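Have a look at model-v8.cif; it's mmCIF, C-alpha atoms:
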```
data_structure
#
loop_
_atom_site.label_atom_id
_atom_site.label_comp_id
_atom_site.auth_asym_id
_atom_site.auth_seq_id
_atom_site.Cartn_x
_atom_site.Cartn_y
_atom_site.Cartn_z
CA MET L 86 -212.12 -185.79 -119.73
CA SER L 87 -212.85 -182.27 -120.90
CA ARG L 88 -215.44 -180.02 -119.29
CA ILE L 89 -218.47 -180.25 -121.55
CA LEU L 90 -221.38 -177.84 -121.79
CA VAL L 91 -224.54 -179.38 -123.25
CA LEU L 92 -226.90 -176.67 -124.45
CA ALA L 93 -230.23 -178.49 -124.61
CA ALA L 94 -232.85 -176.63 -126.59
CA HIS L 95 -236.38 -177.92 -126.92
CA ARG L 96 -239.47 -175.78 -127.23
CA PHE L 97 -241.43 -178.05 -124.90
CA PRO L 98 -238.87 -179.95 -122.79
CA ASP L 99 -241.47 -181.78 -120.70
CA ASP L 100 -243.12 -183.17 -123.83
CA SER L 101 -239.97 -184.46 -125.49
CA ARG L 102 -239.49 -188.19 -125.21
CA ILE L 103 -236.28 -188.21 -127.26
CA ASN L 104 -234.47 -185.17 -125.89
CA LYS L 105 -235.56 -186.01 -122.35
CA ALA L 106 -234.00 -189.48 -122.68
CA LEU L 107 -230.75 -188.09 -124.10
CA ILE L 108 -230.53 -185.42 -121.40
CA GLU L 109 -231.15 -187.95 -118.62
CA ALA L 110 -228.42 -190.19 -120.04
CA LEU L 111 -225.94 -187.27 -120.09
CA ARG L 112 -226.84 -185.61 -116.80
CA PRO L 113 -224.96 -188.02 -114.47
CA LEU L 114 -221.68 -187.88 -116.43
CA PRO L 115 -218.79 -186.24 -114.60
CA ASP L 116 -217.54 -182.94 -116.07
CA VAL L 117 -220.77 -182.56 -118.09
CA THR L 118 -223.07 -179.59 -117.48
CA VAL L 119 -226.53 -180.06 -118.97
CA HIS L 120 -228.01 -176.60 -119.47
CA GLU L 121 -231.66 -176.68 -120.55
CA LEU L 122 -232.27 -173.31 -122.14
CA MET L 123 -236.09 -173.29 -122.04
CA ARG L 124 -236.10 -174.22 -118.35
CA VAL L 125 -233.65 -171.44 -117.53
CA TYR L 126 -235.08 -168.84 -119.94
CA PRO L 127 -238.79 -169.55 -120.54
CA ASP L 128 -239.19 -165.82 -121.21
CA TYR L 129 -236.26 -165.79 -123.68
CA GLN L 130 -234.47 -163.16 -121.56
CA ILE L 131 -230.94 -164.55 -121.84
CA ASP L 132 -228.43 -163.64 -119.11
CA VAL L 133 -225.53 -162.93 -121.46
CA ALA L 134 -222.85 -162.61 -118.77
CA ARG L 135 -223.87 -165.94 -117.21
CA GLU L 136 -223.90 -167.70 -120.55
CA GLN L 137 -220.53 -166.31 -121.57
CA GLU L 138 -219.09 -167.44 -118.21
CA LEU L 139 -220.46 -170.93 -118.83
CA LEU L 140 -218.82 -171.01 -122.26
CA GLN L 141 -215.50 -169.89 -120.81
CA ALA L 142 -215.68 -172.52 -118.05
CA HIS L 143 -216.07 -175.41 -120.50
CA ASP L 144 -213.79 -176.95 -123.11
CA VAL L 145 -216.44 -178.43 -125.44
CA VAL L 146 -219.87 -177.16 -126.50
CA VAL L 147 -222.61 -179.63 -127.44
CA MET L 148 -225.86 -178.31 -128.86
CA LEU L 149 -228.62 -180.87 -128.41
CA PHE L 150 -231.90 -180.10 -130.12
CA PRO L 151 -234.71 -181.39 -132.33
CA PHE L 152 -234.73 -180.20 -135.92
CA TYR L 153 -237.46 -177.52 -136.23
CA TRP L 154 -238.27 -176.16 -139.64
CA TYR L 155 -234.83 -177.14 -140.92
CA SER L 156 -233.05 -175.39 -138.07
CA SER L 157 -232.92 -175.24 -134.29
CA PRO L 158 -235.65 -174.23 -131.85
CA ALA L 159 -236.05 -170.47 -131.38
CA ILE L 160 -234.46 -170.49 -127.92
CA LEU L 161 -231.14 -171.67 -129.36
CA SER L 162 -231.28 -169.03 -132.08
CA GLU L 163 -232.01 -166.38 -129.46
CA TRP L 164 -229.17 -167.71 -127.32
CA GLN L 165 -226.77 -167.39 -130.27
CA ASP L 166 -227.99 -163.86 -131.05
CA ALA L 167 -227.56 -162.73 -127.45
CA VAL L 168 -224.43 -164.60 -126.34
CA LEU L 169 -222.14 -164.84 -129.36
CA THR L 170 -221.29 -161.17 -129.40
CA HIS L 171 -218.63 -159.20 -131.20
CA GLY L 172 -215.64 -158.87 -128.92
CA PHE L 173 -216.48 -162.14 -127.14
CA ALA L 174 -217.09 -164.76 -129.81
CA TYR L 175 -215.73 -163.07 -132.93
CA GLY L 176 -213.87 -160.02 -134.12
CA SER L 177 -210.26 -159.11 -133.41
CA GLU L 178 -210.87 -159.26 -129.64
CA GLY L 179 -213.45 -162.06 -129.74
CA THR L 180 -211.34 -165.12 -129.12
CA GLN L 181 -213.14 -166.80 -126.21
CA LEU L 182 -214.38 -169.79 -128.23
CA GLN L 183 -211.40 -170.36 -130.49
CA GLY L 184 -210.30 -173.97 -130.65
CA LYS L 185 -213.27 -175.34 -128.73
CA PRO L 186 -215.08 -178.25 -130.39
CA LEU L 187 -218.71 -177.67 -131.36
CA GLN L 188 -220.72 -180.88 -131.50
CA LEU L 189 -224.34 -180.93 -132.65
CA VAL L 190 -226.68 -183.72 -131.52
CA VAL L 191 -229.80 -183.33 -133.61
CA SER L 192 -232.97 -185.41 -133.64
CA THR L 193 -235.25 -185.56 -136.66
CA GLY L 194 -238.74 -186.92 -137.02
CA GLY L 195 -237.99 -188.28 -140.48
CA ASN L 196 -235.52 -191.05 -141.12
CA ALA L 197 -232.27 -190.74 -143.11
CA GLN L 198 -234.05 -191.53 -146.40
CA ALA L 199 -236.43 -188.61 -145.84
CA TYR L 200 -233.36 -186.34 -145.70
CA SER L 201 -231.85 -187.41 -149.00
CA PRO L 202 -232.11 -186.01 -152.54
CA ALA L 203 -234.82 -188.62 -153.25
CA GLY L 204 -236.62 -188.04 -149.94
CA TYR L 205 -239.41 -185.63 -149.20
CA ASN L 206 -237.05 -183.11 -147.54
CA ARG L 207 -234.71 -183.15 -150.58
CA TYR L 208 -231.54 -182.32 -148.64
CA PRO L 209 -229.32 -184.18 -146.17
CA VAL L 210 -229.49 -182.84 -142.62
CA ALA L 211 -225.77 -182.04 -142.73
CA ASP L 212 -226.43 -179.63 -145.60
CA LEU L 213 -229.28 -177.97 -143.73
CA LEU L 214 -227.03 -177.49 -140.68
CA ARG L 215 -224.42 -175.49 -142.60
CA PRO L 216 -225.27 -172.25 -140.75
CA PHE L 217 -223.91 -173.90 -137.58
CA ASN L 218 -220.72 -174.72 -139.44
CA ALA L 219 -220.52 -171.04 -140.46
CA VAL L 220 -221.00 -169.95 -136.83
CA ALA L 221 -218.19 -172.28 -135.78
CA ASN L 222 -215.99 -170.85 -138.51
CA LEU L 223 -216.70 -167.25 -137.49
CA THR L 224 -216.02 -167.98 -133.82
CA GLY L 225 -212.94 -170.14 -134.42
CA MET L 226 -214.60 -173.26 -133.06
CA ASP L 227 -213.87 -176.74 -134.40
CA TYR L 228 -217.11 -177.86 -136.09
CA LEU L 229 -217.50 -181.62 -135.76
CA PRO L 230 -219.74 -183.82 -137.90
CA PRO L 231 -223.25 -183.66 -136.47
CA HIS L 232 -224.53 -186.70 -134.62
CA LEU L 233 -228.02 -187.44 -135.93
CA VAL L 234 -230.77 -189.31 -134.15
CA GLN L 235 -233.22 -189.87 -136.99
CA GLY L 236 -236.65 -191.38 -137.39
CA VAL L 237 -237.77 -190.46 -133.90
CA PHE L 238 -241.49 -190.34 -134.74
CA ASP L 239 -241.66 -194.11 -134.64
CA MET L 240 -238.56 -194.95 -132.59
CA SER L 241 -238.98 -197.84 -130.17
CA ASP L 242 -237.91 -197.57 -126.55
CA GLU L 243 -235.14 -200.10 -127.26
CA LYS L 244 -233.80 -198.07 -130.18
CA LEU L 245 -233.99 -194.88 -128.10
CA ALA L 246 -231.94 -196.54 -125.35
CA GLN L 247 -229.35 -197.54 -127.97
CA GLU L 248 -229.23 -193.96 -129.28
CA ALA L 249 -228.74 -192.63 -125.74
CA VAL L 250 -225.77 -194.96 -125.29
CA LYS L 251 -224.28 -193.65 -128.55
CA VAL L 252 -224.67 -190.04 -127.41
CA VAL L 253 -223.09 -190.81 -124.04
CA LYS L 254 -220.12 -192.49 -125.77
CA LEU L 255 -219.79 -189.52 -128.11
CA VAL L 256 -219.69 -187.05 -125.21
CA GLN L 257 -217.30 -189.25 -123.23
CA SER L 258 -214.92 -189.26 -126.22
CA PHE L 259 -213.93 -185.64 -125.56
#
```
Please re-express this file's structure in structure tokens.
Amino acid sequence: MSRILVLAAHRFPDDSRINKALIEALRPLPDVTVHELMRVYPDYQIDVAREQELLQAHDVVVMLFPFYWYSSPAILSEWQDAVLTHGFAYGSEGTQLQGKPLQLVVSTGGNAQAYSPAGYNRYPVADLLRPFNAVANLTGMDYLPPHLVQGVFDMSDEKLAQEAVKVVKLVQSF
């Protein structure tokens, strides 16, 4: 099994039923580091050297987050701005992430139909996540199809447990 870094980004981690369940399912897995960004950096003051060391120490990067305003929570955006620097993540000398898989695990309040051309959001989630694909391209990472956990606003405990099993299997597949 590869060494996997799970970057968990939720604005209010203690209030998140879905992300909390997914994190707790992943935490006991061997070779998986669950790194909750808001718990580590509630002031948004990212320790760039530490984060770059974490990236270098892992083979796979998983970004786990709820979909906020058609993107990620601000802490993940700040993390990208601070950590994915020229000379580290991109540029002629920035080769530290090349070849590493990037897997997104994204939860949405709306169901799959809501994220369709006929739905109220008008666009599929995969289309709205294209900036992450562009980041992977720039950094030489292997962008994998996002794993979506959709319809969480009215998800039963049983369905949530099933989704957690799917996420664990996905992570164990690396």
Selected residue, from L:Val210, L:Ala246, L:Leu223, L:Leu111, that lies nearest to Phe173 in chain L when counting all atoms listed in the file: L:Leu223
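Among the candidates L:Arg112, L:Lys105, L:Arg88, L:Arg96, the residue lying nearest to Ala142 in chain L is L:Arg88 (atoms considered: all atoms listed in the file).
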Polymer residues at most 10 Å from Gln130 in chain L, all atoms listed in the file, same-chain spacing of 4 or more positions, as a ChimeraX atom specification: /L:125-126,160,163-164,167
Report, in Å with one decimal, the straight-line distance from CA of Phe97 in chain L to CA of Val234 in chain L. 18.1 Å
On this file, the PyMOL selection byres ((chain L and resi 187) around 8) gives some set of residues; write that set as a ChimeraX atom specification. /L:145-148,185-186,188-189,221,226-229
CA of Val117 in chain L to CA of Ser87 in chain L: how many Å, to one decimal?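 Interatomic distance, CA of Val117 in chain L to CA of Ser87 in chain L: 8.4 Å.
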Calculated over only C-alpha atoms, which of the candidates L:Leu161, L:Leu214, L:Ala197, L:Val190 has the smallest distance to Leu233 in chain L? L:Val190
Could you tell me how far CA of Leu213 in chain L lies from CA of Leu139 in chain L, in Å and to one decimal?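 These atoms are spaced 27.3 Å apart.
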Where does the PyMOL selection byres ((chain L and resi 191) around 12) land in this file, that is, which residues does it pick, as a PyMOL selection string? chain L and resi 92-95+103-104+107+147-153+155-158+188-190+192-195+210-211+213-214+217+230-237+248+252
Please determine, counting only C-alpha atoms, which residue among L:Thr118, L:Ala134, L:Asn196, L:Asp144 has the shortest atom-to-atom distance to Phe259 in chain L.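 Going through L:Thr118, L:Ala134, L:Asn196, L:Asp144 one by one, the smallest distance to Phe259 in chain L is for L:Asp144.
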Taking only C-alpha atoms into account, which of L:Gly172, L:Thr224, L:Leu140, L:Tyr208 comes nearest Ile89 in chain L? L:Leu140
Restricting the calculation to only C-alpha atoms: of L:Ser162, L:Asn222, L:Val253, L:Arg207, which residue gets closest to Gln183 in chain L? L:Asn222
Might you spell out which residues the PyMOL selection byres ((chain L and resi 168) around 7) would select in the displayed file, as a ChimeraX atom specification? /L:133,136-137,164-167,169-170
